[in-house]
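upload_16.tsv follows; it contains TSV, C-alpha atoms and all ligand atoms.
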chain	number	residue	atom	x	y	z
A	1	MET	CA	-32.40	55.39	53.28
A	2	PHE	CA	-31.01	51.98	52.29
A	3	ASP	CA	-27.70	52.27	50.42
A	4	ILE	CA	-26.82	49.01	48.73
A	5	GLY	CA	-23.14	49.93	48.31
A	6	LEU	CA	-22.44	50.22	52.04
A	7	GLU	CA	-22.01	47.71	54.86
A	8	VAL	CA	-25.58	46.90	55.79
A	9	SER	CA	-26.64	45.37	59.10
A	10	VAL	CA	-29.03	42.45	59.65
A	11	LYS	CA	-31.49	44.95	61.11
A	12	GLU	CA	-31.42	47.12	58.00
A	13	TYR	CA	-32.06	44.11	55.77
A	14	LEU	CA	-34.94	43.09	58.01
A	15	GLY	CA	-36.34	46.60	57.55
A	16	LEU	CA	-36.75	45.91	53.83
A	17	LEU	CA	-39.51	43.42	54.64
A	18	LYS	CA	-41.73	46.26	55.83
A	19	ASP	CA	-42.25	47.16	52.18
A	20	PRO	CA	-42.24	43.77	50.39
A	21	TYR	CA	-43.21	45.11	46.96
A	22	ASN	CA	-40.35	47.56	47.05
A	23	LEU	CA	-37.99	44.71	47.98
A	24	LEU	CA	-39.16	42.68	44.96
A	25	LYS	CA	-38.73	45.71	42.70
A	26	MET	CA	-35.28	46.51	44.04
A	27	ALA	CA	-34.18	42.87	43.56
A	28	ASN	CA	-35.44	42.88	39.98
A	29	GLU	CA	-33.53	46.08	39.21
A	30	LEU	CA	-30.32	44.70	40.71
A	31	SER	CA	-30.67	41.45	38.76
A	32	GLU	CA	-31.27	43.34	35.50
A	33	SER	CA	-28.29	45.61	36.20
A	34	LEU	CA	-26.07	42.49	36.24
A	35	ASN	CA	-27.79	40.19	33.77
A	36	GLY	CA	-29.96	42.38	31.56
A	37	ASN	CA	-32.89	40.40	30.17
A	38	ARG	CA	-30.91	37.13	30.02
A	39	VAL	CA	-31.97	34.09	32.02
A	40	THR	CA	-29.80	31.00	32.02
A	41	TYR	CA	-30.34	27.25	32.31
A	42	VAL	CA	-28.08	24.20	32.16
A	43	VAL	CA	-28.52	20.90	30.34
A	44	ASN	CA	-27.63	18.45	33.07
A	45	ARG	CA	-28.53	15.18	34.73
A	46	ASN	CA	-28.89	14.46	38.42
A	47	ILE	CA	-27.63	11.11	39.61
A	48	ASN	CA	-28.41	10.05	43.17
A	49	PHE	CA	-26.27	6.95	43.62
A	50	THR	CA	-27.86	5.72	46.87
A	51	ASP	CA	-30.70	6.60	49.22
A	52	LYS	CA	-29.17	4.66	52.09
A	53	CYS	CA	-27.91	7.00	54.77
A	54	ILE	CA	-26.57	6.71	58.31
A	55	ASN	CA	-27.68	10.27	59.11
A	56	ALA	CA	-31.24	11.20	60.10
A	57	CYS	CA	-31.95	14.82	59.11
A	58	LYS	CA	-35.50	15.67	60.14
A	59	PHE	CA	-36.40	17.32	56.82
A	60	CYS	CA	-35.20	14.39	54.72
A	61	SER	CA	-37.77	12.38	52.76
A	62	PHE	CA	-35.20	10.66	50.61
A	63	ARG	CA	-33.27	8.55	53.10
A	64	ASN	CA	-33.83	4.77	53.04
A	65	ARG	CA	-36.99	4.93	50.93
A	66	SER	CA	-36.13	1.94	48.81
A	67	GLY	CA	-32.58	1.23	49.94
A	68	PHE	CA	-30.93	1.33	46.51
A	69	ILE	CA	-27.25	1.60	45.68
A	70	LEU	CA	-26.39	2.09	42.01
A	71	THR	CA	-23.67	-0.14	40.60
A	72	HIS	CA	-20.81	1.37	38.64
A	73	GLN	CA	-22.41	0.01	35.47
A	74	GLU	CA	-25.70	1.71	36.32
A	75	ILE	CA	-23.93	5.00	36.96
A	76	ALA	CA	-22.05	4.66	33.67
A	77	GLY	CA	-25.35	3.89	31.90
A	78	LYS	CA	-26.94	7.07	33.23
A	79	VAL	CA	-23.89	9.11	32.20
A	80	LYS	CA	-24.12	7.60	28.72
A	81	GLU	CA	-27.77	8.65	28.44
A	82	ALA	CA	-26.79	12.11	29.68
A	83	THR	CA	-24.10	12.54	27.05
A	84	GLU	CA	-26.47	11.30	24.35
A	85	TYR	CA	-28.97	13.95	25.40
A	86	GLY	CA	-26.23	16.58	25.21
A	87	CYS	CA	-25.74	17.23	28.92
A	88	THR	CA	-22.75	19.37	29.79
A	89	GLU	CA	-22.93	18.36	33.48
A	90	VAL	CA	-23.74	15.46	35.76
A	91	CYS	CA	-24.64	16.35	39.33
A	92	ILE	CA	-23.92	13.45	41.67
A	93	GLN	CA	-24.90	13.18	45.33
A	94	GLY	CA	-26.15	10.44	47.62
A	95	GLY	CA	-26.86	9.35	51.16
A	96	LEU	CA	-24.02	8.54	53.54
A	97	LEU	CA	-23.05	4.88	53.34
A	98	LYS	CA	-21.43	3.82	56.57
A	99	LYS	CA	-18.05	2.83	55.18
A	100	ALA	CA	-17.86	5.08	52.12
A	101	ASP	CA	-14.33	6.43	51.97
A	102	VAL	CA	-12.42	8.57	49.50
A	103	GLU	CA	-11.68	5.53	47.37
A	104	PHE	CA	-15.41	4.72	47.11
A	105	TYR	CA	-16.27	8.25	45.96
A	106	CYS	CA	-13.34	8.22	43.50
A	107	SER	CA	-14.72	5.02	41.98
A	108	ILE	CA	-17.93	6.93	41.17
A	109	LEU	CA	-15.91	9.65	39.44
A	110	ASP	CA	-13.99	6.95	37.56
A	111	SER	CA	-17.30	5.46	36.35
A	112	VAL	CA	-18.25	8.83	34.87
A	113	LYS	CA	-14.84	9.25	33.29
A	114	SER	CA	-15.04	5.77	31.75
A	115	VAL	CA	-17.94	7.08	29.63
A	116	SER	CA	-16.97	10.68	29.01
A	117	ASP	CA	-13.79	12.56	29.56
A	118	HIS	CA	-15.30	15.98	29.04
A	119	ILE	CA	-18.67	16.04	30.86
A	120	HIS	CA	-18.39	18.33	33.89
A	121	ILE	CA	-18.69	16.49	37.22
A	122	HIS	CA	-20.49	18.56	39.83
A	123	ALA	CA	-20.50	16.25	42.82
A	124	PHE	CA	-20.57	15.49	46.53
A	125	SER	CA	-21.97	17.79	49.18
A	126	PRO	CA	-19.85	19.27	51.99
A	127	MET	CA	-21.40	16.61	54.24
A	128	GLU	CA	-20.20	13.85	51.93
A	129	ILE	CA	-16.75	15.44	51.87
A	130	VAL	CA	-16.54	15.40	55.70
A	131	HIS	CA	-17.88	11.83	55.74
A	132	MET	CA	-15.26	10.51	53.32
A	133	ALA	CA	-12.47	12.44	55.09
A	134	ARG	CA	-13.46	10.83	58.42
A	135	ASN	CA	-13.76	7.35	56.93
A	136	SER	CA	-10.37	7.62	55.24
A	137	GLY	CA	-8.62	9.44	58.08
A	138	VAL	CA	-7.36	12.23	55.81
A	139	SER	CA	-7.74	16.01	55.82
A	140	ILE	CA	-10.39	17.91	53.83
A	141	ASP	CA	-7.55	19.43	51.84
A	142	LYS	CA	-6.25	15.98	50.87
A	143	VAL	CA	-9.77	14.82	49.94
A	144	PHE	CA	-10.12	17.62	47.40
A	145	GLU	CA	-6.65	16.98	46.02
A	146	ILE	CA	-7.57	13.34	45.37
A	147	LEU	CA	-11.09	14.01	44.04
A	148	LYS	CA	-9.71	16.61	41.66
A	149	GLU	CA	-7.21	14.09	40.29
A	150	HIS	CA	-10.17	11.81	39.59
A	151	GLY	CA	-12.06	14.48	37.69
A	152	LEU	CA	-14.17	16.44	40.18
A	153	GLY	CA	-15.01	19.75	38.50
A	154	SER	CA	-17.10	21.53	41.12
A	155	MET	CA	-19.04	20.89	44.31
A	156	PRO	CA	-22.72	21.56	45.08
A	157	GLY	CA	-22.95	23.86	48.10
A	158	THR	CA	-25.71	21.74	49.58
A	159	ALA	CA	-25.99	20.48	53.19
A	160	ALA	CA	-25.99	24.16	54.16
A	161	GLU	CA	-29.64	24.16	55.25
A	162	ILE	CA	-29.55	27.20	57.56
A	163	LEU	CA	-26.04	28.18	58.66
A	164	VAL	CA	-27.05	28.91	62.24
A	165	ASP	CA	-26.02	26.17	64.67
A	166	GLU	CA	-29.08	26.44	66.95
A	167	ILE	CA	-31.31	25.68	63.96
A	168	ARG	CA	-29.02	22.93	62.67
A	169	HIS	CA	-29.10	21.35	66.11
A	170	ASP	CA	-32.88	21.03	65.84
A	171	ILE	CA	-33.26	19.93	62.22
A	172	CYS	CA	-30.06	18.01	61.46
A	173	PRO	CA	-28.09	17.46	64.68
A	174	ASP	CA	-25.62	15.01	63.15
A	175	LYS	CA	-24.78	17.10	60.13
A	176	LEU	CA	-21.62	19.16	59.84
A	177	THR	CA	-21.60	22.44	61.80
A	178	THR	CA	-21.70	25.93	60.30
A	179	ARG	CA	-17.96	26.29	60.90
A	180	GLU	CA	-17.25	22.96	59.17
A	181	TRP	CA	-19.47	23.85	56.20
A	182	VAL	CA	-17.60	27.11	55.71
A	183	GLU	CA	-14.27	25.33	56.06
A	184	VAL	CA	-15.17	22.67	53.46
A	185	VAL	CA	-16.36	25.27	50.95
A	186	LYS	CA	-13.30	27.47	51.42
A	187	THR	CA	-11.00	24.44	51.15
A	188	ALA	CA	-12.69	23.47	47.88
A	189	HIS	CA	-12.05	26.97	46.58
A	190	LYS	CA	-8.43	26.85	47.74
A	191	ASN	CA	-8.02	23.70	45.67
A	192	GLY	CA	-9.44	25.37	42.58
A	193	ILE	CA	-12.88	23.73	42.87
A	194	PRO	CA	-15.76	26.20	42.53
A	195	THR	CA	-19.00	25.60	44.40
A	196	THR	CA	-22.57	26.73	44.48
A	197	ALA	CA	-24.24	27.84	47.71
A	198	THR	CA	-27.73	26.91	48.91
A	199	MET	CA	-30.14	27.64	51.73
A	200	MET	CA	-33.06	25.44	52.76
A	201	TYR	CA	-35.62	27.78	54.28
A	202	GLY	CA	-39.23	27.91	55.37
A	203	HIS	CA	-39.27	25.58	58.40
A	204	ILE	CA	-38.31	26.72	61.90
A	205	GLU	CA	-35.85	29.49	61.07
A	206	SER	CA	-36.54	33.24	61.28
A	207	TRP	CA	-35.85	35.96	58.74
A	208	GLU	CA	-32.93	36.98	60.92
A	209	ASP	CA	-31.45	33.47	60.56
A	210	ARG	CA	-31.88	33.65	56.79
A	211	ILE	CA	-30.08	36.96	56.60
A	212	LYS	CA	-27.24	35.69	58.82
A	213	HIS	CA	-26.95	32.72	56.46
A	214	LEU	CA	-26.79	35.00	53.42
A	215	LEU	CA	-24.12	37.15	55.07
A	216	ILE	CA	-21.95	34.08	55.73
A	217	ILE	CA	-22.21	33.16	52.03
A	218	LYS	CA	-21.40	36.74	51.04
A	219	GLY	CA	-18.37	36.72	53.38
A	220	ILE	CA	-16.99	33.55	51.74
A	221	GLN	CA	-17.50	35.06	48.30
A	222	GLN	CA	-15.70	38.26	49.28
A	223	GLU	CA	-12.71	36.12	50.29
A	224	THR	CA	-12.59	33.57	47.47
A	225	GLY	CA	-14.85	34.70	44.60
A	226	MET	CA	-15.52	31.07	43.70
A	227	ILE	CA	-19.24	30.68	44.38
A	228	THR	CA	-20.93	30.37	41.01
A	229	GLU	CA	-24.54	30.81	42.11
A	230	PHE	CA	-26.87	30.91	45.08
A	231	ILE	CA	-29.87	28.56	45.16
A	232	PRO	CA	-32.63	29.11	47.73
A	233	LEU	CA	-34.45	25.82	48.34
A	234	PRO	CA	-37.88	25.92	49.97
A	235	PHE	CA	-38.49	23.26	52.62
A	236	MET	CA	-40.77	20.50	51.32
A	237	ASP	CA	-43.03	19.07	53.97
A	238	GLN	CA	-44.15	15.65	52.73
A	239	ASN	CA	-42.88	12.36	54.14
A	240	ASN	CA	-40.52	13.76	56.74
A	241	GLU	CA	-40.47	14.42	60.47
A	242	LEU	CA	-40.11	18.18	60.22
A	243	GLY	CA	-43.20	18.30	58.01
A	244	LYS	CA	-45.28	17.12	60.96
A	245	MET	CA	-44.28	20.26	62.86
A	246	THR	CA	-44.38	22.88	60.12
A	247	SER	CA	-45.44	23.22	56.50
A	248	SER	CA	-43.73	24.40	53.32
A	249	PRO	CA	-43.47	28.16	52.76
A	250	ASP	CA	-46.06	29.74	50.47
A	251	GLY	CA	-45.28	31.23	47.08
A	252	PHE	CA	-45.03	34.85	48.16
A	253	GLU	CA	-42.49	33.87	50.82
A	254	ASP	CA	-40.48	32.08	48.13
A	255	LEU	CA	-40.37	35.28	46.06
A	256	LEU	CA	-39.32	37.37	49.05
A	257	VAL	CA	-36.47	34.96	49.82
A	258	ILE	CA	-35.25	35.16	46.20
A	259	ALA	CA	-35.45	38.95	46.37
A	260	MET	CA	-33.66	39.19	49.72
A	261	ALA	CA	-30.93	36.86	48.47
A	262	ARG	CA	-30.43	39.10	45.44
A	263	VAL	CA	-30.20	42.24	47.55
A	264	VAL	CA	-27.89	40.81	50.23
A	265	LEU	CA	-25.58	39.02	47.79
A	266	TYR	CA	-25.34	41.94	45.37
A	267	PRO	CA	-22.95	42.45	43.68
A	268	GLU	CA	-20.67	39.61	44.78
A	269	ILE	CA	-22.84	36.72	43.57
A	270	PRO	CA	-24.33	37.54	40.17
A	271	ASN	CA	-26.43	34.40	39.79
A	272	ILE	CA	-29.52	33.55	41.82
A	273	GLN	CA	-31.36	30.39	40.83
A	274	ALA	CA	-35.08	29.76	41.11
A	275	SER	CA	-35.41	25.97	41.17
A	276	TRP	CA	-38.30	24.71	39.00
A	277	VAL	CA	-38.27	21.38	40.81
A	278	LYS	CA	-38.92	22.96	44.18
A	279	MET	CA	-40.97	26.01	43.20
A	280	GLY	CA	-42.94	24.81	40.20
A	281	ILE	CA	-42.94	26.42	36.77
A	282	LYS	CA	-45.36	29.33	37.27
A	283	LEU	CA	-43.67	30.56	40.43
A	284	VAL	CA	-40.28	30.30	38.78
A	285	GLN	CA	-41.57	32.56	36.01
A	286	ALA	CA	-42.62	35.12	38.62
A	287	ALA	CA	-39.23	34.77	40.34
A	288	LEU	CA	-37.54	35.84	37.10
A	289	HIS	CA	-38.97	39.30	37.83
A	290	CYS	CA	-38.06	39.27	41.52
A	291	GLY	CA	-34.30	38.83	41.42
A	292	ALA	CA	-33.64	35.38	39.90
A	293	ASN	CA	-31.69	35.01	36.66
A	294	ASP	CA	-31.36	31.23	36.37
A	295	ILE	CA	-33.83	28.35	36.42
A	296	GLY	CA	-31.50	25.41	36.95
A	297	GLY	CA	-31.29	22.36	34.76
A	298	THR	CA	-33.02	19.66	32.79
A	299	LEU	CA	-32.12	17.22	35.61
A	300	MET	CA	-33.58	14.15	33.89
A	301	GLU	CA	-34.41	12.75	37.32
A	302	GLU	CA	-34.61	14.23	40.76
A	303	ASN	CA	-35.28	11.71	43.48
A	304	ILE	CA	-34.86	13.97	46.47
A	305	SER	CA	-37.61	16.53	45.84
A	306	LYS	CA	-39.95	13.89	44.47
A	307	ALA	CA	-39.76	12.01	47.78
A	308	ALA	CA	-40.61	15.23	49.66
A	309	GLY	CA	-43.77	15.89	47.66
A	310	SER	CA	-42.62	17.88	44.63
A	311	VAL	CA	-45.20	17.71	41.86
A	312	SER	CA	-43.07	19.41	39.26
A	313	GLY	CA	-41.82	16.22	37.65
A	314	GLU	CA	-38.39	14.87	36.96
A	315	PHE	CA	-37.39	16.22	33.61
A	316	LEU	CA	-37.84	19.34	31.53
A	317	SER	CA	-36.33	19.34	28.07
A	318	LYS	CA	-34.01	22.10	26.89
A	319	GLU	CA	-36.87	23.37	24.67
A	320	MET	CA	-39.30	23.44	27.59
A	321	LEU	CA	-36.87	25.37	29.77
A	322	GLU	CA	-36.36	27.87	26.96
A	323	SER	CA	-40.09	28.33	26.48
A	324	ILE	CA	-40.65	28.83	30.23
A	325	ILE	CA	-38.06	31.62	30.13
A	326	ARG	CA	-39.40	33.16	26.91
A	327	ASN	CA	-42.99	33.09	28.16
A	328	ALA	CA	-41.83	35.01	31.22
A	329	GLY	CA	-40.56	37.75	28.89
A	330	ARG	CA	-36.87	36.89	29.27
A	331	GLU	CA	-34.20	35.76	26.85
A	332	PRO	CA	-32.99	32.17	27.38
A	333	VAL	CA	-29.26	31.44	27.35
A	334	GLU	CA	-27.81	27.98	27.84
A	335	ARG	CA	-24.89	27.99	30.25
A	336	ASP	CA	-22.46	25.41	31.57
A	337	THR	CA	-21.82	24.70	35.26
A	338	LEU	CA	-19.45	27.66	35.48
A	339	TYR	CA	-21.93	30.02	33.79
A	340	ARG	CA	-20.11	30.19	30.47
A	341	PRO	CA	-22.52	30.39	27.52
A	342	VAL	CA	-22.85	27.10	25.63
A	343	ARG	CA	-22.87	27.31	21.86
A	344	ARG	CA	-24.29	24.37	19.95
A	345	GLU	CA	-23.84	23.92	16.23
B	401	LIG	S1	-30.43	14.98	53.99
B	401	LIG	FE1	-28.72	13.74	53.24
B	401	LIG	S2	-27.46	13.38	55.08
B	401	LIG	FE2	-29.49	14.00	55.81
B	401	LIG	S3	-30.60	12.06	56.12
B	401	LIG	FE3	-31.09	12.79	54.04
B	401	LIG	S4	-29.64	11.74	52.73
B	401	LIG	FE4	-28.85	11.61	54.83
Rewrite the structure of this file - the entire thing - as structure tokens.
Amino acid sequence: MFDIGLEVSVKEYLGLLKDPYNLLKMANELSESLNGNRVTYVVNRNINFTDKCINACKFCSFRNRSGFILTHQEIAGKVKEATEYGCTEVCIQGGLLKKADVEFYCSILDSVKSVSDHIHIHAFSPMEIVHMARNSGVSIDKVFEILKEHGLGSMPGTAAEILVDEIRHDICPDKLTTREWVEVVKTAHKNGIPTTATMMYGHIESWEDRIKHLLIIKGIQQETGMITEFIPLPFMDQNNELGKMTSSPDGFEDLLVIAMARVVLYPEIPNIQASWVKMGIKLVQAALHCGANDIGGTLMEENISKAAGSVSGEFLSKEMLESIIRNAGREPVERDTLYRPVRRE
């Protein structure tokens, strides 16, 4: 019998897939044991500052689509709109500009700070961190020290894709390695910068690869305790090279991944997000009964998924997010980036 409290092997986790409905039920029970009936969301804005990129990940539909680079004024304008809407967070990521160094990324943080001193800045993927460290000839540790001085609050744990190097070699050969990803995330934590963790699944990887990925995330969390949430991201197959070889996972697979993530990461990571942008609203509602306890943010714009064929739109208001949660039979709670409840007068 499967005992959740003990060290469990990859093989034992794989065994759970033999009874998928039991896996979904188990995940729901574990989620409720940690979060009760509460489901969280965040009022935030995504800002992609450029789609130009020197990398060529095979699953990417975003790179070089229109070749834009936002000016500092444009970034500040978007932050202003975000604060007017009541956002508690801006999430900032972009493609890799050839010469972008630490100073360049700090100037983006400064643009945000010029508008608001208190909005939380959740920014720059582990890949961007490695890129700026290389371009500036400084250590990852130093990069975080400098970014923190300029107001970085937390880092998205993106660029993780699947943390198995054979898979990375096939889908994103020029991206940072598994070892580097782990090092960047742990170095962020060492510098007092929390991160999320993600997994992009549903392309050429196996269930075994997914479980290995989840166990790496769990291992980091056991060491540092500074991963705020885990976000499974289904592969989107439009307008990219990988999409010519394989197609997006179906909805039942999405639910099983959410459930497996909940079971493997229990109890270390209490928050599992079902992303409405990637999964669509109805599937997200189902996911709230299969292990997920968060539905992400208002976003206000989301260029990356849109380029890859997402039909879920670019913006959901705070009221819409609340009604999605309520209609799924859960109780909505607004949170900030670090999962503290937000109280509005
Ligand atoms: S996923 Fe990111 S790093 Fe890879 S090509 Fe796209 S923008 Fe560049």
Please, which residues in chain A fall within 8 Å of ligand LIG 401 (chain B) when counting only C-alpha atoms and all ligand atoms, and what is the closest atom pair and distance in Å to one decimal for each, ordered by chain then residue number, as a Markdown table?
| residue | atom | partner | partner_atom | distance |
| --- | --- | --- | --- | --- |
| A:Asp51 | CA | B:LIG401 | S4 | 6.3 |
| A:Lys52 | CA | B:LIG401 | S4 | 7.1 |
| A:Cys53 | CA | B:LIG401 | FE4 | 4.7 |
| A:Ile54 | CA | B:LIG401 | FE4 | 6.4 |
| A:Asn55 | CA | B:LIG401 | S3 | 4.5 |
| A:Ala56 | CA | B:LIG401 | S3 | 4.1 |
| A:Cys57 | CA | B:LIG401 | FE2 | 4.2 |
| A:Lys58 | CA | B:LIG401 | S3 | 7.3 |
| A:Phe59 | CA | B:LIG401 | S1 | 7.0 |
| A:Cys60 | CA | B:LIG401 | FE3 | 4.5 |
| A:Ser61 | CA | B:LIG401 | FE3 | 6.8 |
| A:Phe62 | CA | B:LIG401 | FE3 | 5.8 |
| A:Arg63 | CA | B:LIG401 | S4 | 4.8 |
| A:Gly94 | CA | B:LIG401 | S4 | 6.3 |
| A:Gly95 | CA | B:LIG401 | S4 | 4.0 |
| A:Leu96 | CA | B:LIG401 | FE4 | 5.9 |
| A:Met127 | CA | B:LIG401 | S2 | 6.9 |
| A:Glu128 | CA | B:LIG401 | S2 | 7.9 |
| A:Ala159 | CA | B:LIG401 | S1 | 7.1 |
| A:Cys172 | CA | B:LIG401 | FE2 | 7.0 |
| A:Lys175 | CA | B:LIG401 | S2 | 6.8 |
Starting from 8 Å padding per side, set up an axis-aligned box that covers all listed atoms of stretch 204-218 of chain A and hand over centre and edge lengths in Å, one decimal, as JSON.
{"center_x": -29.9, "center_y": 31.9, "center_z": 56.5, "size_x": 32.9, "size_y": 26.4, "size_z": 26.9}
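Of the listed residues (A:Ile47, A:Ile217, A:Val264, A:Ala76), A:Ile217 comes nearest to A:Glu183; the distances count all atoms listed in the file.
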Original post:
Taking all atoms listed in the file into account, which of A:Asn191, A:Ser136, A:Asn44, A:Thr158 comes nearest A:Glu301?
Top reply: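 Checking each of A:Asn191, A:Ser136, A:Asn44, A:Thr158 against A:Glu301, counting all atoms listed in the file, the winner is A:Asn44.
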Subject >> Separation of atom CA of A:Lys278 from atom CA of A:His131 in Å >> reply: 26.5 Å
Original post:
If we count all atoms listed in the file, what is near stretch 18-29 of chain A at a cut-off of 9 Å, once residues fewer than 2 positions away on the same chain are taken out, given as a PyMOL selection string?
Top reply: chain A and resi 14-16+31-34+255-256+258-263+287-292
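Each of A:Thr177, A:Val164, A:Ile324, A:Ile108 was checked against A:Trp276 using only C-alpha atoms; the smallest atom-to-atom distance is that of A:Ile324.
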**OP:** Taking the point (-20.5, 15.1, 49.5) as given in the file, collect each protein or nucleic acid residue that comes within 12 Å of it, counting all atoms listed in the file, and present the set as an NGL selection string.
**Re:** :A and (48-49 or 91-97 or 100-102 or 104-106 or 108 or 122-133 or 140 or 143-144 or 147 or 152 or 154-160 or 175-176 or 181 or 184-185 or 188 or 195)
**OP:** Provide the atom CA of A:Lys78 to atom CA of A:Ser111 distance in Å, to one decimal place.
**Re:**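 For atom CA of A:Lys78 relative to atom CA of A:Ser111, the distance reads 10.3 Å.
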**OP:** Name the closest residue to A:Gly296 among the candidates A:Arg168, A:Arg343, A:Lys318, A:His118; distances are taken between atoms, counting all atoms listed in the file.
**Re:**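 The closest residue to A:Gly296 is A:Lys318.
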**OP:** Could you check which of A:Ile193, A:Val277, A:Leu265, A:Ile162 is closest to A:Glu208, using all atoms listed in the file?
**Re:**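 The answer is A:Ile162, which sits nearest to A:Glu208.
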**OP:** Find the distance between atom CA of A:Thr88 and atom CA of A:Ile119 and write it in Å to one decimal.
**Re:**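 Separation of atom CA of A:Thr88 and atom CA of A:Ile119: 5.4 Å.
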Original post:
Closest to A:Arg65 among A:Ser107, A:Thr187, A:Asn240, A:Thr40, using all atoms listed in the file?
Top reply: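 Going through A:Ser107, A:Thr187, A:Asn240, A:Thr40 one by one, the smallest distance to A:Arg65 is for A:Asn240.
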Subject >> Residue contacts of A:Glu334 (6 Å, all atoms listed in the file) excluding same-chain residues fewer than 2 positions away, as a PyMOL selection string >> reply: chain A and resi 40-42+341-342
Output as a PDB file, keeping the file's coordinate frame: stretch 169-182 of chain A, completed with N, CA and C atoms.
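Saved the output as selection18.pdb:
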ATOM      1  N   HIS A 169     -28.980  22.280  64.997  1.00  0.00           N
ATOM      2  CA  HIS A 169     -29.100  21.350  66.110  1.00  0.00           C
ATOM      3  C   HIS A 169     -30.514  20.740  66.152  1.00  0.00           C
ATOM      4  N   ASP A 170     -31.508  21.525  65.794  1.00  0.00           N
ATOM      5  CA  ASP A 170     -32.880  21.030  65.840  1.00  0.00           C
ATOM      6  C   ASP A 170     -33.283  20.226  64.596  1.00  0.00           C
ATOM      7  N   ILE A 171     -32.770  20.599  63.445  1.00  0.00           N
ATOM      8  CA  ILE A 171     -33.260  19.930  62.220  1.00  0.00           C
ATOM      9  C   ILE A 171     -32.306  18.877  61.653  1.00  0.00           C
ATOM     10  N   CYS A 172     -31.023  18.998  61.972  1.00  0.00           N
ATOM     11  CA  CYS A 172     -30.060  18.010  61.460  1.00  0.00           C
ATOM     12  C   CYS A 172     -28.875  17.932  62.419  1.00  0.00           C
ATOM     13  N   PRO A 173     -29.108  17.415  63.641  1.00  0.00           N
ATOM     14  CA  PRO A 173     -28.090  17.460  64.680  1.00  0.00           C
ATOM     15  C   PRO A 173     -26.779  16.753  64.330  1.00  0.00           C
ATOM     16  N   ASP A 174     -26.850  15.755  63.450  1.00  0.00           N
ATOM     17  CA  ASP A 174     -25.620  15.010  63.150  1.00  0.00           C
ATOM     18  C   ASP A 174     -24.911  15.500  61.896  1.00  0.00           C
ATOM     19  N   LYS A 175     -25.424  16.564  61.331  1.00  0.00           N
ATOM     20  CA  LYS A 175     -24.780  17.100  60.130  1.00  0.00           C
ATOM     21  C   LYS A 175     -23.589  17.965  60.518  1.00  0.00           C
ATOM     22  N   LEU A 176     -22.761  18.310  59.540  1.00  0.00           N
ATOM     23  CA  LEU A 176     -21.620  19.160  59.840  1.00  0.00           C
ATOM     24  C   LEU A 176     -22.083  20.524  60.388  1.00  0.00           C
ATOM     25  N   THR A 177     -21.234  21.152  61.191  1.00  0.00           N
ATOM     26  CA  THR A 177     -21.600  22.440  61.800  1.00  0.00           C
ATOM     27  C   THR A 177     -21.413  23.572  60.786  1.00  0.00           C
ATOM     28  N   THR A 178     -21.883  24.747  61.161  1.00  0.00           N
ATOM     29  CA  THR A 178     -21.700  25.930  60.300  1.00  0.00           C
ATOM     30  C   THR A 178     -20.207  26.135  60.009  1.00  0.00           C
ATOM     31  N   ARG A 179     -19.394  26.054  61.067  1.00  0.00           N
ATOM     32  CA  ARG A 179     -17.960  26.290  60.900  1.00  0.00           C
ATOM     33  C   ARG A 179     -17.359  25.264  59.916  1.00  0.00           C
ATOM     34  N   GLU A 180     -17.774  24.007  60.071  1.00  0.00           N
ATOM     35  CA  GLU A 180     -17.250  22.960  59.170  1.00  0.00           C
ATOM     36  C   GLU A 180     -17.697  23.196  57.730  1.00  0.00           C
ATOM     37  N   TRP A 181     -18.968  23.610  57.560  1.00  0.00           N
ATOM     38  CA  TRP A 181     -19.470  23.850  56.200  1.00  0.00           C
ATOM     39  C   TRP A 181     -18.623  24.939  55.520  1.00  0.00           C
ATOM     40  N   VAL A 182     -18.388  25.999  56.270  1.00  0.00           N
ATOM     41  CA  VAL A 182     -17.600  27.110  55.710  1.00  0.00           C
ATOM     42  C   VAL A 182     -16.185  26.628  55.381  1.00  0.00           C
TER      43      VAL A 182
END
